[in-house]
file run03.cif (mmCIF, C-alpha atoms)
data_query
loop_
_atom_site.label_atom_id
_atom_site.label_comp_id
_atom_site.auth_asym_id
_atom_site.auth_seq_id
_atom_site.Cartn_x
_atom_site.Cartn_y
_atom_site.Cartn_z
CA MET I 86 -11.79 152.50 -15.91
CA SER I 87 -14.71 151.57 -18.04
CA GLN I 88 -17.62 149.45 -16.81
CA GLN I 89 -16.65 146.65 -19.24
CA SER I 90 -13.10 146.36 -18.00
CA ALA I 91 -14.29 146.37 -14.36
CA ALA I 92 -16.62 143.41 -15.04
CA SER I 93 -13.86 141.46 -16.75
CA SER I 94 -11.51 141.97 -13.85
CA LYS I 95 -13.85 140.41 -11.24
CA PRO I 96 -12.40 137.26 -9.63
CA SER I 97 -14.02 133.88 -10.37
CA LEU I 98 -13.92 130.49 -8.65
CA GLN I 99 -12.00 127.81 -10.51
CA GLY I 100 -12.58 124.04 -10.12
CA VAL I 101 -15.70 124.41 -7.96
CA ARG I 102 -18.67 122.19 -8.71
CA ILE I 103 -21.96 123.92 -8.04
CA LYS I 104 -24.37 121.41 -6.49
CA ALA I 105 -27.82 121.34 -8.06
CA ARG I 106 -30.85 121.72 -5.84
CA LYS I 107 -32.46 118.44 -4.77
CA GLY I 108 -35.81 119.37 -6.28
CA ALA I 109 -34.22 120.03 -9.67
CA VAL I 110 -32.32 116.73 -9.55
CA LYS I 111 -35.48 114.83 -8.66
CA ALA I 112 -37.45 116.47 -11.47
CA GLN I 113 -34.73 115.67 -13.99
CA ALA I 114 -34.54 112.05 -12.73
CA LYS I 115 -38.11 111.42 -13.86
CA HIS I 116 -36.94 111.60 -17.45
CA GLU I 117 -33.92 109.36 -16.99
CA PRO I 118 -35.31 105.90 -16.02
CA THR I 119 -34.97 104.71 -19.60
CA VAL I 120 -31.25 105.53 -19.50
CA PHE I 121 -30.96 103.63 -16.22
CA ARG I 122 -32.87 100.69 -17.73
CA ASP I 123 -30.57 100.50 -20.75
CA GLN I 124 -27.48 100.58 -18.55
CA LEU I 125 -28.86 97.85 -16.31
CA TYR I 126 -29.69 95.68 -19.32
CA LYS I 127 -26.02 95.81 -20.36
CA HIS I 128 -25.11 94.15 -17.04
CA LEU I 129 -27.78 91.46 -17.34
CA GLU I 130 -27.77 90.63 -21.06
CA THR I 131 -24.70 88.39 -20.85
CA VAL I 132 -26.16 86.12 -18.14
CA PRO I 133 -27.56 82.78 -19.41
CA GLU I 134 -31.25 82.20 -18.72
CA GLY I 135 -31.82 80.35 -15.47
CA ASP I 136 -28.41 81.19 -13.96
CA PHE I 137 -29.80 82.85 -10.83
CA ASP I 138 -26.47 83.06 -8.98
CA SER I 139 -24.97 85.02 -11.89
CA PHE I 140 -28.01 87.32 -12.01
CA ALA I 141 -27.56 88.06 -8.30
CA THR I 142 -23.84 88.76 -8.81
CA LYS I 143 -24.47 91.06 -11.79
CA LEU I 144 -27.18 93.02 -9.96
CA ILE I 145 -24.91 93.54 -6.96
CA GLN I 146 -22.09 94.68 -9.26
CA ALA I 147 -24.47 97.03 -11.09
CA GLY I 148 -25.42 98.59 -7.75
CA ALA I 149 -21.84 99.81 -7.36
CA GLN I 150 -22.01 101.67 -10.69
CA LEU I 151 -25.66 102.70 -11.06
CA GLU I 152 -27.78 104.82 -8.75
CA PHE I 153 -30.13 102.15 -7.38
CA LEU I 154 -31.60 104.39 -4.71
CA LYS I 155 -32.41 107.15 -7.18
CA TYR I 156 -34.04 104.71 -9.60
CA ALA I 157 -35.42 102.20 -7.05
CA ASP I 158 -38.93 102.31 -8.56
CA GLY I 159 -37.63 101.53 -12.01
CA LEU I 160 -35.31 98.82 -10.70
CA PHE I 161 -38.16 96.90 -9.05
CA GLU I 162 -40.49 97.41 -12.00
CA LEU I 163 -37.89 95.81 -14.25
CA ILE I 164 -37.33 92.89 -11.86
CA LEU I 165 -40.96 92.27 -10.92
CA VAL I 166 -42.92 92.98 -14.11
CA GLY I 167 -40.23 93.15 -16.81
CA GLY I 168 -40.45 96.81 -17.86
CA LEU I 169 -40.89 100.42 -16.81
CA ILE I 170 -44.44 101.43 -15.85
CA GLN I 171 -45.91 104.82 -16.66
CA PRO I 172 -48.83 106.48 -14.82
CA GLY I 173 -51.99 104.46 -15.47
CA GLY I 174 -50.23 101.12 -15.33
CA SER I 175 -49.16 100.65 -18.96
CA TYR I 176 -45.59 99.94 -20.00
CA VAL I 177 -43.37 102.71 -21.33
CA ASP I 178 -43.71 102.20 -25.09
CA ASP I 179 -40.28 102.98 -26.52
CA GLY I 180 -39.54 99.66 -28.18
CA ALA I 181 -37.33 98.32 -25.37
CA PRO I 182 -37.28 94.55 -24.87
CA VAL I 183 -38.48 92.76 -21.74
CA SER I 184 -35.98 92.76 -18.89
CA PRO I 185 -33.48 89.85 -19.10
CA PHE I 186 -34.27 89.14 -15.43
CA THR I 187 -37.91 89.41 -14.37
CA ILE I 188 -40.37 87.30 -12.42
CA PHE I 189 -42.62 87.34 -15.48
CA ASN I 190 -40.03 85.12 -17.19
CA ALA I 191 -40.80 82.29 -14.74
CA LYS I 192 -41.92 79.05 -16.36
CA GLU I 193 -45.60 78.21 -16.73
CA PRO I 194 -47.69 76.70 -15.24
CA VAL I 195 -46.66 78.83 -12.29
CA GLN I 196 -44.83 76.98 -9.50
CA VAL I 197 -43.95 78.50 -6.13
CA ASP I 198 -40.54 76.81 -6.15
CA GLU I 199 -39.74 78.55 -9.44
CA ILE I 200 -40.72 81.98 -8.07
CA LYS I 201 -38.62 81.33 -4.96
CA LYS I 202 -35.48 81.38 -7.14
CA TYR I 203 -36.26 84.94 -8.23
CA ILE I 204 -37.05 86.01 -4.66
CA GLU I 205 -33.74 84.62 -3.47
CA VAL I 206 -31.97 86.91 -5.95
CA LEU I 207 -33.95 89.86 -4.60
CA ASN I 208 -33.09 88.76 -1.08
CA LYS I 209 -29.36 88.82 -1.85
CA LEU I 210 -29.67 92.21 -3.53
CA ILE I 211 -31.55 93.78 -0.59
CA ARG I 212 -29.17 92.27 1.95
CA ARG I 213 -26.33 93.96 0.06
CA TYR I 214 -28.14 97.27 -0.44
CA LYS I 215 -30.40 97.55 2.61
CA TYR I 216 -31.68 100.98 1.54
CA LEU I 217 -33.70 99.25 -1.20
CA GLN I 218 -36.15 97.59 1.20
CA LYS I 219 -38.03 100.76 2.10
CA PRO I 220 -38.80 101.83 -1.50
CA LEU I 221 -39.76 98.23 -2.30
CA GLU I 222 -42.43 97.95 0.40
CA GLU I 223 -43.60 101.56 0.48
CA LEU I 224 -43.58 102.52 -3.21
CA ALA I 225 -42.86 99.73 -5.68
CA LEU I 226 -45.21 97.00 -4.41
CA PRO I 227 -48.23 99.26 -3.66
CA GLY I 228 -47.79 100.90 -7.06
CA LEU I 229 -47.65 97.63 -8.97
CA LEU I 230 -50.48 95.94 -7.05
CA GLN I 231 -52.92 98.73 -7.91
CA TYR I 232 -52.39 97.92 -11.61
CA ILE I 233 -52.34 94.13 -11.24
CA ASN I 234 -55.59 93.80 -13.23
CA ARG I 235 -53.72 94.91 -16.38
CA TRP I 236 -51.66 91.74 -16.61
CA SER I 237 -52.68 88.28 -17.78
CA PRO I 238 -53.92 85.70 -15.22
CA ALA I 239 -50.58 83.86 -15.33
CA GLN I 240 -48.63 87.08 -14.78
CA ARG I 241 -50.96 88.06 -11.93
CA ASP I 242 -50.34 84.70 -10.27
CA LYS I 243 -46.55 85.13 -10.59
CA LEU I 244 -46.61 88.59 -9.04
CA SER I 245 -49.03 87.46 -6.30
CA ILE I 246 -46.81 84.53 -5.31
CA ALA I 247 -43.78 86.82 -5.34
CA VAL I 248 -45.51 89.29 -3.00
CA GLY I 249 -46.51 86.47 -0.64
CA LEU I 250 -42.92 85.22 -0.48
CA LEU I 251 -41.50 88.73 0.00
CA ILE I 252 -43.80 89.37 2.96
CA SER I 253 -43.23 85.93 4.51
CA GLN I 254 -39.45 86.42 4.35
CA GLY I 255 -39.65 89.86 5.92
CA LEU I 256 -38.51 91.69 2.79
CA ALA I 257 -41.78 93.66 2.60
CA ASN I 258 -44.56 94.79 4.90
CA ALA I 259 -48.15 93.59 4.50
CA SER I 260 -49.27 97.24 4.34
CA CYS I 261 -48.73 97.06 0.57
CA LEU I 262 -51.88 94.88 0.37
CA THR I 263 -54.10 97.90 1.02
CA SER I 264 -53.71 98.73 -2.70
CA LEU I 265 -55.86 95.68 -3.42
CA THR I 266 -58.90 97.25 -1.72
CA LYS I 267 -59.36 99.77 -4.55
CA ASP I 268 -62.79 99.59 -6.16
CA HIS I 269 -61.61 98.68 -9.68
CA LEU I 270 -59.84 95.58 -8.27
CA VAL I 271 -62.47 94.51 -5.78
CA LYS I 272 -65.52 94.54 -8.04
CA ASN I 273 -64.25 91.91 -10.49
CA ASP I 274 -62.88 89.48 -7.88
CA VAL I 275 -59.32 90.37 -8.85
CA SER I 276 -58.42 91.35 -5.27
CA ILE I 277 -59.67 88.19 -3.63
CA SER I 278 -57.95 86.02 -6.26
CA VAL I 279 -54.65 87.84 -5.70
CA ILE I 280 -54.90 87.78 -1.90
CA THR I 281 -55.64 84.04 -2.02
CA HIS I 282 -52.46 83.37 -4.00
CA ILE I 283 -50.49 85.62 -1.63
CA PHE I 284 -51.75 83.73 1.43
CA ARG I 285 -51.16 80.33 -0.17
CA ALA I 286 -47.54 81.19 -0.97
CA TYR I 287 -47.02 82.67 2.49
CA LEU I 288 -48.40 79.65 4.33
CA LEU I 289 -46.17 77.17 2.53
CA ASP I 290 -43.27 78.20 4.79
CA GLN I 291 -44.98 80.00 7.68
CA THR I 292 -47.80 79.33 10.15
CA MET I 293 -51.18 81.03 10.31
CA GLU I 294 -50.08 82.75 13.52
CA HIS I 295 -47.10 84.20 11.64
CA LEU I 296 -49.38 85.45 8.86
CA SER I 297 -51.79 86.91 11.40
CA ALA I 298 -48.95 88.87 13.03
CA SER I 299 -47.78 90.15 9.62
CA LEU I 300 -51.29 91.33 8.73
CA LYS I 301 -51.60 93.07 12.08
CA ARG I 302 -48.26 94.88 11.63
CA GLY I 303 -49.35 95.93 8.15
CA GLY I 304 -52.65 97.34 9.39
CA ILE I 305 -54.77 94.78 7.48
CA LYS I 306 -57.76 94.47 9.81
CA ASP I 307 -60.69 93.36 7.66
CA LEU I 308 -60.33 90.66 5.01
CA VAL I 309 -63.87 91.20 3.75
CA ALA I 310 -62.62 94.50 2.28
CA PHE I 311 -61.03 92.41 -0.51
CA PHE I 312 -64.46 91.04 -1.52
CA PRO I 313 -67.03 92.85 -3.69
CA PRO I 314 -69.44 95.00 -1.62
CA ASN I 315 -72.36 92.62 -2.21
CA ARG I 316 -70.36 89.64 -0.86
CA ARG I 317 -68.80 91.10 2.27
CA GLU I 318 -70.04 88.51 4.71
CA GLY I 319 -68.10 86.33 7.11
CA LYS I 320 -69.80 83.16 5.89
CA ILE I 321 -68.83 83.86 2.25
CA LEU I 322 -65.24 84.58 3.29
CA GLU I 323 -64.96 81.31 5.23
CA GLU I 324 -66.48 79.29 2.39
CA HIS I 325 -64.08 80.87 -0.12
CA PHE I 326 -60.88 80.03 1.77
CA LYS I 327 -62.07 76.51 2.61
CA LYS I 328 -62.84 75.94 -1.07
CA GLU I 329 -59.37 77.24 -2.00
CA GLY I 330 -57.68 74.78 0.35
CA LEU I 331 -56.86 77.34 3.05
CA PRO I 332 -59.06 76.23 5.99
CA GLN I 333 -56.58 77.74 8.46
CA VAL I 334 -57.40 81.22 7.13
CA ALA I 335 -61.13 80.55 7.52
CA GLU I 336 -60.66 79.25 11.08
CA TRP I 337 -58.45 82.20 12.02
CA TRP I 338 -61.00 84.65 10.65
CA SER I 339 -63.83 82.90 12.48
CA LYS I 340 -61.97 83.05 15.81
CA LYS I 341 -61.10 86.69 15.22
CA GLN I 342 -64.76 87.52 14.60
CA TYR I 343 -65.77 85.55 17.68
CA ALA I 344 -63.36 87.64 19.75
CA GLY I 345 -65.16 90.85 18.77
CA VAL I 346 -68.61 89.33 19.29
CA LYS I 347 -67.58 87.95 22.70
CA THR I 348 -66.27 91.32 23.84
CA GLU I 349 -69.54 93.01 22.90
CA LEU I 350 -71.63 90.28 24.57
CA VAL I 351 -69.70 90.53 27.84
CA LYS I 352 -70.08 94.31 27.81
CA ASP I 353 -73.83 94.17 27.10
CA LEU I 354 -74.47 91.57 29.81
CA THR I 355 -72.54 93.60 32.36
CA GLU I 356 -74.59 96.70 31.55
CA MET I 357 -77.91 94.79 31.72
CA CYS I 358 -77.04 93.33 35.12
CA GLU I 359 -76.01 96.74 36.43
CA ARG I 360 -79.38 98.10 35.26
CA GLU I 361 -81.00 95.14 37.05
CA ASP I 362 -82.86 93.95 33.96
CA SER I 363 -85.01 90.88 34.53
CA THR I 364 -83.77 87.34 33.90
CA ASP I 365 -86.18 86.97 30.97
CA GLN I 366 -84.92 90.18 29.36
CA ILE I 367 -81.30 89.08 29.63
CA ILE I 368 -82.03 85.60 28.21
CA ALA I 369 -83.98 87.16 25.33
CA ALA I 370 -81.08 89.51 24.57
CA ILE I 371 -78.61 86.60 24.48
CA ASN I 372 -80.88 84.58 22.17
CA SER I 373 -81.30 87.57 19.86
CA ARG I 374 -77.55 88.05 19.59
CA GLN I 375 -77.09 84.33 18.93
CA GLU I 376 -79.45 84.56 15.98
CA GLU I 377 -77.44 87.43 14.48
CA THR I 378 -73.91 86.17 15.13
CA PRO I 379 -73.97 82.65 16.62
CA LEU I 380 -71.19 81.61 18.97
CA PRO I 381 -70.34 77.98 19.77
CA GLU I 382 -72.11 76.88 22.97
CA VAL I 383 -68.81 76.46 24.82
CA GLU I 384 -67.74 80.02 23.92
CA LEU I 385 -71.19 81.40 24.70
CA VAL I 386 -71.41 80.02 28.23
CA ALA I 387 -67.94 81.41 29.02
CA CYS I 388 -69.00 84.87 27.82
CA ILE I 389 -72.20 84.75 29.87
CA TRP I 390 -70.26 83.90 33.03
CA GLN I 391 -67.70 86.66 32.42
CA GLY I 392 -70.39 89.24 31.70
CA LEU I 393 -72.40 88.33 34.78
CA MET I 394 -69.41 88.29 37.12
CA ALA I 395 -68.08 91.60 35.75
CA SER I 396 -71.20 93.32 37.08
CA VAL I 397 -70.59 92.21 40.68
CA ASP I 398 -69.30 94.80 43.15
CA TRP I 399 -66.47 93.02 44.97
CA SER I 400 -65.76 95.88 47.36
CA ALA I 401 -67.18 93.98 50.38
CA ARG I 402 -65.05 93.02 53.38
CA PRO I 403 -62.80 89.96 52.78
CA ASP I 404 -64.83 87.83 55.19
CA GLN I 405 -68.00 88.59 53.20
CA ILE I 406 -66.65 87.83 49.71
CA GLU I 407 -67.51 84.11 49.81
CA GLY I 408 -71.12 84.80 50.76
CA LEU I 409 -71.35 87.54 48.14
CA ALA I 410 -70.16 85.14 45.42
CA LEU I 411 -72.81 82.59 46.36
CA ARG I 412 -75.52 85.20 46.57
CA GLU I 413 -74.70 86.56 43.12
CA VAL I 414 -74.59 83.13 41.49
CA GLY I 415 -77.93 82.29 43.07
CA ALA I 416 -77.93 80.23 46.26
CA SER I 417 -81.38 78.92 47.17
CA THR I 418 -81.10 80.40 50.67
CA VAL I 419 -81.27 83.83 49.07
CA PRO I 420 -84.84 85.01 48.34
CA ARG I 421 -83.95 86.54 44.94
CA THR I 422 -81.85 84.13 42.89
CA LYS I 423 -79.67 85.84 40.30
CA TYR I 424 -77.29 84.46 37.72
CA ALA I 425 -77.81 80.68 37.71
CA PRO I 426 -81.26 80.97 36.05
CA ILE I 427 -79.62 82.99 33.25
CA LEU I 428 -76.99 80.31 32.66
CA GLU I 429 -79.34 77.33 32.85
CA PRO I 430 -81.03 77.64 29.38
CA PHE I 431 -77.61 77.61 27.69
CA CYS I 432 -76.18 74.55 29.48
CA ASP I 433 -77.91 71.74 27.60
CA GLY I 434 -75.00 69.56 26.50
CA ALA I 435 -72.47 67.69 28.62
CA LYS I 436 -69.58 69.41 26.84
CA THR I 437 -71.04 72.83 27.64
CA GLN I 438 -71.53 71.90 31.29
CA VAL I 439 -67.94 70.70 31.69
CA SER I 440 -66.81 73.90 29.95
CA LEU I 441 -68.82 75.97 32.44
CA ILE I 442 -67.16 74.19 35.37
CA ASN I 443 -63.75 74.96 33.86
CA VAL I 444 -64.71 78.59 33.35
CA VAL I 445 -65.69 78.82 37.02
CA GLN I 446 -62.48 77.00 38.03
CA VAL I 447 -60.24 79.42 36.13
CA TYR I 448 -62.25 82.40 37.39
CA CYS I 449 -61.85 81.31 41.02
CA TYR I 450 -58.15 80.57 40.45
CA GLU I 451 -57.50 84.04 39.02
CA ASP I 452 -59.58 85.78 41.71
CA THR I 453 -58.34 84.30 44.97
CA ARG I 454 -61.00 86.18 46.92
CA VAL I 455 -63.62 83.64 45.81
CA ILE I 456 -61.44 80.53 45.55
CA LYS I 457 -62.97 79.02 48.71
CA ALA I 458 -66.43 79.29 47.21
CA PHE I 459 -65.64 77.01 44.25
CA PRO I 460 -67.13 73.69 45.47
CA GLN I 461 -70.09 75.59 46.86
CA ILE I 462 -71.00 77.11 43.52
CA LEU I 463 -71.20 73.62 42.02
CA LYS I 464 -73.84 72.17 44.30
CA MET I 465 -76.16 73.88 46.77
CA SER I 466 -75.61 73.07 50.46
CA ASP I 467 -78.44 71.37 52.29
CA ASP I 468 -79.03 69.12 55.28
CA THR I 469 -77.91 66.04 53.36
CA TYR I 470 -74.60 67.58 52.40
CA PRO I 471 -73.63 70.27 54.93
CA ILE I 472 -69.87 70.37 54.29
CA LEU I 473 -69.64 71.77 50.76
CA THR I 474 -71.52 75.01 50.52
CA ASP I 475 -69.92 76.26 47.28
CA ILE I 476 -70.44 77.63 43.75
CA LEU I 477 -70.53 74.19 42.12
CA GLN I 478 -73.31 73.16 44.46
CA VAL I 479 -75.41 76.13 43.45
CA LEU I 480 -75.01 75.42 39.73
CA TYR I 481 -75.86 71.77 40.34
CA ASN I 482 -79.02 72.60 42.27
CA LYS I 483 -80.06 75.13 39.58
CA ASP I 484 -79.76 72.46 36.82
CA CYS I 485 -76.87 74.29 35.12
CA ILE I 486 -74.60 71.27 35.48
CA SER I 487 -75.29 67.57 35.99
CA ASP I 488 -73.67 65.08 38.36
CA GLN I 489 -72.13 63.31 35.33
CA ALA I 490 -70.50 66.57 34.23
CA ILE I 491 -69.02 67.14 37.69
CA ILE I 492 -67.69 63.57 37.87
CA TYR I 493 -66.20 63.77 34.35
CA TRP I 494 -64.57 67.11 35.18
CA TYR I 495 -63.14 65.65 38.39
CA GLN I 496 -61.74 62.54 36.69
CA LYS I 497 -60.21 63.96 33.53
CA GLY I 498 -61.75 67.24 32.37
CA SER I 499 -60.29 69.86 34.73
CA LYS I 500 -57.99 72.71 33.75
CA PRO I 501 -54.38 72.81 35.01
CA GLN I 502 -54.89 76.13 36.83
CA GLY I 503 -55.03 75.23 40.54
CA ARG I 504 -56.06 71.68 39.67
CA GLN I 505 -54.85 70.00 42.87
CA HIS I 506 -56.58 72.51 45.12
CA PHE I 507 -59.91 72.30 43.29
CA LEU I 508 -59.91 68.52 43.01
CA LYS I 509 -59.19 68.19 46.72
CA SER I 510 -61.91 70.68 47.65
CA THR I 511 -64.52 68.80 45.58
CA GLU I 512 -63.42 65.28 46.49
CA ALA I 513 -66.19 64.76 49.04
CA LEU I 514 -68.83 66.18 46.65
CA VAL I 515 -67.79 63.84 43.85
CA LYS I 516 -67.77 60.86 46.23
CA PHE I 517 -71.28 61.75 47.34
CA LEU I 518 -72.52 62.05 43.73
CA GLN I 519 -70.95 58.71 42.81
CA GLU I 520 -72.67 57.04 45.74
CA GLN I 521 -75.99 58.61 44.76
CA GLU I 522 -75.50 57.39 41.19
CA SER I 523 -74.64 53.89 42.43
CA GLU I 524 -77.77 53.76 44.61
CA SER I 525 -79.90 54.82 41.66
CA ASP I 526 -78.43 52.04 39.51
CA ASP I 527 -79.16 49.45 42.20
CA GLU I 528 -82.78 50.54 42.40
#

call {"tool": "encode", "arguments": {"input": "run03.cif", "output": "structure tokens"}}
result
Amino acid sequence: MSQQSAASSKPSLQGVRIKARKGAVKAQAKHEPTVFRDQLYKHLETVPEGDFDSFATKLIQAGAQLEFLKYADGLFELILVGGLIQPGGSYVDDGAPVSPFTIFNAKEPVQVDEIKKYIEVLNKLIRRYKYLQKPLEELALPGLLQYINRWSPAQRDKLSIAVGLLISQGLANASCLTSLTKDHLVKNDVSISVITHIFRAYLLDQTMEHLSASLKRGGIKDLVAFFPPNRREGKILEEHFKKEGLPQVAEWWSKKQYAGVKTELVKDLTEMCEREDSTDQIIAAINSRQEETPLPEVELVACIWQGLMASVDWSARPDQIEGLALREVGASTVPRTKYAPILEPFCDGAKTQVSLINVVQVYCYEDTRVIKAFPQILKMSDDTYPILTDILQVLYNKDCISDQAIIYWYQKGSKPQGRQHFLKSTEALVKFLQEQESESDDE
């Protein structure tokens, strides 16, 4: 038998479809988005303009016939910006018309309520085809946002509002906003303009706390990264959002910054006390930090107390804890007074003094080992007033708090934590101060 006849007689498989390798399919798909676009247009062309329910129905029907997952990038480019985008951010120039359904078709001037109609269609589509959400938030939105400077101001506003609504409704993750920190967007104020529109749209339906949680989940830690390098200051950021009618963003940012500053201050004070730095050195360090990043007086005095108390070694026997607390705060019976002289320069106002009393109250409530020492820390014990030898007495004697502050706190300024216990324990002290005040008035 010849070689030729042997080859012809070999068996062959009939009716078997050989599956192409995934890599080959993916490579070929890059050249087919235009075909997908044209097929999608056929579904959408018959829908009257403004008939959003019909657009949603047609898109859902198209998903049953077209490969939405394979062409997810192209699908969202058509819906969000009206055409296919090629590398570099320009449209694919093949003469195709603008998508019959795109956010860029929204009426001008741009209104959030108008954009919401388009987002509702997207919402219905993603609820039907849940696999579309991941490519939307991980690929489509980051890709489009990095080219947002290429579109007109009105188109940028439409896309920005759409992104804000998508994130607020949970259809996308805030991680897509990291694309806006690219240098070419930051330097010309494009990023901060876009992020402002995103926040404004988000906060129409959600709270600042909700937005804060979304930013945290998305890994957006520093809003100043959206500002040009020469304007990355907290004060500029706060002024910008207040000017744009978003004071809640400015307040949230301010509190967030205070949290970091307070943590550092508490840590530094604890270390200085453990090193046994002098009172003057500690006060100078606090003043220096206040000049760099000022904290409100109420916040400052709370941080000072926390930092000072964190340095105390509470490993003494239970029966010695009360005396230790008084000694550390600075009772006059102790030769070397400690923490009260550090607090005193920062307790000028009545509001600050009441705040300090509340800080001490909550501290004693949370640490039951020193709860008995609370009245004592307010006013120093002496022969005139032998019953209350507590923390409040010490602070009173060291001019950290006034009698008016103690009386106001007792009458209506106390915190709910352990209120009844603390009010009862200071009842005699307050009565004494009121009598002293009454005698002074009579004189």

call {"tool": "resolve_selection", "arguments": {"input": "run03.cif", "expression": "the PyMOL selection byres ((chain I and resi 211-214) around 10)", "output": "list in words"}}
result
Ile145, Gly148, Ala149, Phe153, Leu154, Glu205, Val206, Leu207, Asn208, Lys209, Leu210, Lys215, Tyr216, Leu217, Gln218, Lys219, Leu221 and Leu256 of chain I

call {"tool": "resolve_selection", "arguments": {"input": "run03.cif", "expression": "the PyMOL selection byres ((chain I and resi 501-507) around 10)", "output": "PyMOL selection string"}}
result
chain I and resi 443+446-451+456-457+459-460+495+498-500+508-512

call {"tool": "closest_residue", "arguments": {"input": "run03.cif", "among": "I:Met394, I:Ala387, I:Ile280, I:Leu518", "to": "Ala259 in chain I", "atoms": "only C-alpha atoms"}}
result
I:Ile280

call {"tool": "closest_residue", "arguments": {"input": "run03.cif", "among": "I:Leu250, I:Ile371, I:Val271, I:Val439", "to": "Asp198 in chain I", "atoms": "all atoms listed in the file"}}
result
I:Leu250

call {"tool": "residues_around", "arguments": {"input": "run03.cif", "residues": "range 313-323 of chain I", "least_positions_apart": "4", "cutoff": "9 Å", "atoms": "only C-alpha atoms", "output": "PyMOL selection string"}}
result
chain I and resi 268+270-274+276-277+308-309+327-328+332+334-336+338-339+342

call {"tool": "closest_residue", "arguments": {"input": "run03.cif", "among": "I:Glu223, I:Asp290, I:Glu429, I:Asp179", "to": "Lys201 in chain I", "atoms": "only C-alpha atoms"}}
result
I:Asp290

call {"tool": "residues_near_point", "arguments": {"input": "run03.cif", "point": "(-45.8, 98.0, -15.2)", "cutoff": "8 Å", "atoms": "only C-alpha atoms", "output": "MDAnalysis selection string"}}
result
chainID I and resid 162 166:171 174:176 229 232

call {"tool": "atom_distance", "arguments": {"input": "run03.cif", "atom1": "CA of Leu165 in chain I", "atom2": "CA of Ile188 in chain I"}}
result
5.2 Å

call {"tool": "atom_distance", "arguments": {"input": "run03.cif", "atom1": "CA of Cys432 in chain I", "atom2": "CA of Ser523 in chain I"}}
result
24.4 Å

call {"tool": "residues_around", "arguments": {"input": "run03.cif", "residues": "Gly434 in chain I", "least_positions_apart": "6", "cutoff": "12 Å", "atoms": "all atoms listed in the file", "output": "MDAnalysis selection string"}}
result
chainID I and resid 381:383 386 440:441 484:487 489:490

call {"tool": "write_last_selection", "arguments": {"input": "run03.cif", "atoms": "C-alpha atoms", "output": "CSV table (one decimal), keeping the file's coordinate frame"}}
result
chain,number,residue,atom,x,y,z
I,381,PRO,CA,-70.3,78.0,19.8
I,382,GLU,CA,-72.1,76.9,23.0
I,383,VAL,CA,-68.8,76.5,24.8
I,386,VAL,CA,-71.4,80.0,28.2
I,440,SER,CA,-66.8,73.9,30.0
I,441,LEU,CA,-68.8,76.0,32.4
I,484,ASP,CA,-79.8,72.5,36.8
I,485,CYS,CA,-76.9,74.3,35.1
I,486,ILE,CA,-74.6,71.3,35.5
I,487,SER,CA,-75.3,67.6,36.0
I,489,GLN,CA,-72.1,63.3,35.3
I,490,ALA,CA,-70.5,66.6,34.2

call {"tool": "resolve_selection", "arguments": {"input": "run03.cif", "expression": "the PyMOL selection byres ((chain I and resi 297-303) around 12)", "output": "tab-separated table (two decimals) with C-alpha atoms, in the frame of the given file"}}
result
chain	number	residue	atom	x	y	z
I	222	GLU	CA	-42.43	97.95	0.40
I	223	GLU	CA	-43.60	101.56	0.48
I	249	GLY	CA	-46.51	86.47	-0.64
I	251	LEU	CA	-41.50	88.73	0.00
I	252	ILE	CA	-43.80	89.37	2.96
I	253	SER	CA	-43.23	85.93	4.51
I	254	GLN	CA	-39.45	86.42	4.35
I	255	GLY	CA	-39.65	89.86	5.92
I	256	LEU	CA	-38.51	91.69	2.79
I	257	ALA	CA	-41.78	93.66	2.60
I	258	ASN	CA	-44.56	94.79	4.90
I	259	ALA	CA	-48.15	93.59	4.50
I	260	SER	CA	-49.27	97.24	4.34
I	261	CYS	CA	-48.73	97.06	0.57
I	262	LEU	CA	-51.88	94.88	0.37
I	263	THR	CA	-54.10	97.90	1.02
I	280	ILE	CA	-54.90	87.78	-1.90
I	283	ILE	CA	-50.49	85.62	-1.63
I	284	PHE	CA	-51.75	83.73	1.43
I	287	TYR	CA	-47.02	82.67	2.49
I	288	LEU	CA	-48.40	79.65	4.33
I	291	GLN	CA	-44.98	80.00	7.68
I	292	THR	CA	-47.80	79.33	10.15
I	293	MET	CA	-51.18	81.03	10.31
I	294	GLU	CA	-50.08	82.75	13.52
I	295	HIS	CA	-47.10	84.20	11.64
I	296	LEU	CA	-49.38	85.45	8.86
I	304	GLY	CA	-52.65	97.34	9.39
I	305	ILE	CA	-54.77	94.78	7.48
I	306	LYS	CA	-57.76	94.47	9.81
I	307	ASP	CA	-60.69	93.36	7.66
I	308	LEU	CA	-60.33	90.66	5.01
I	333	GLN	CA	-56.58	77.74	8.46
I	334	VAL	CA	-57.40	81.22	7.13
I	335	ALA	CA	-61.13	80.55	7.52
I	336	GLU	CA	-60.66	79.25	11.08
I	337	TRP	CA	-58.45	82.20	12.02
I	338	TRP	CA	-61.00	84.65	10.65
I	340	LYS	CA	-61.97	83.05	15.81
I	341	LYS	CA	-61.10	86.69	15.22

call {"tool": "atom_distance", "arguments": {"input": "run03.cif", "atom1": "CA of Phe140 in chain I", "atom2": "CA of Asn234 in chain I"}}
result
28.4 Å

call {"tool": "closest_residue", "arguments": {"input": "run03.cif", "among": "I:Thr187, I:Thr131, I:Gln375, I:Thr142", "to": "Tyr343 in chain I", "atoms": "all atoms listed in the file"}}
result
I:Gln375
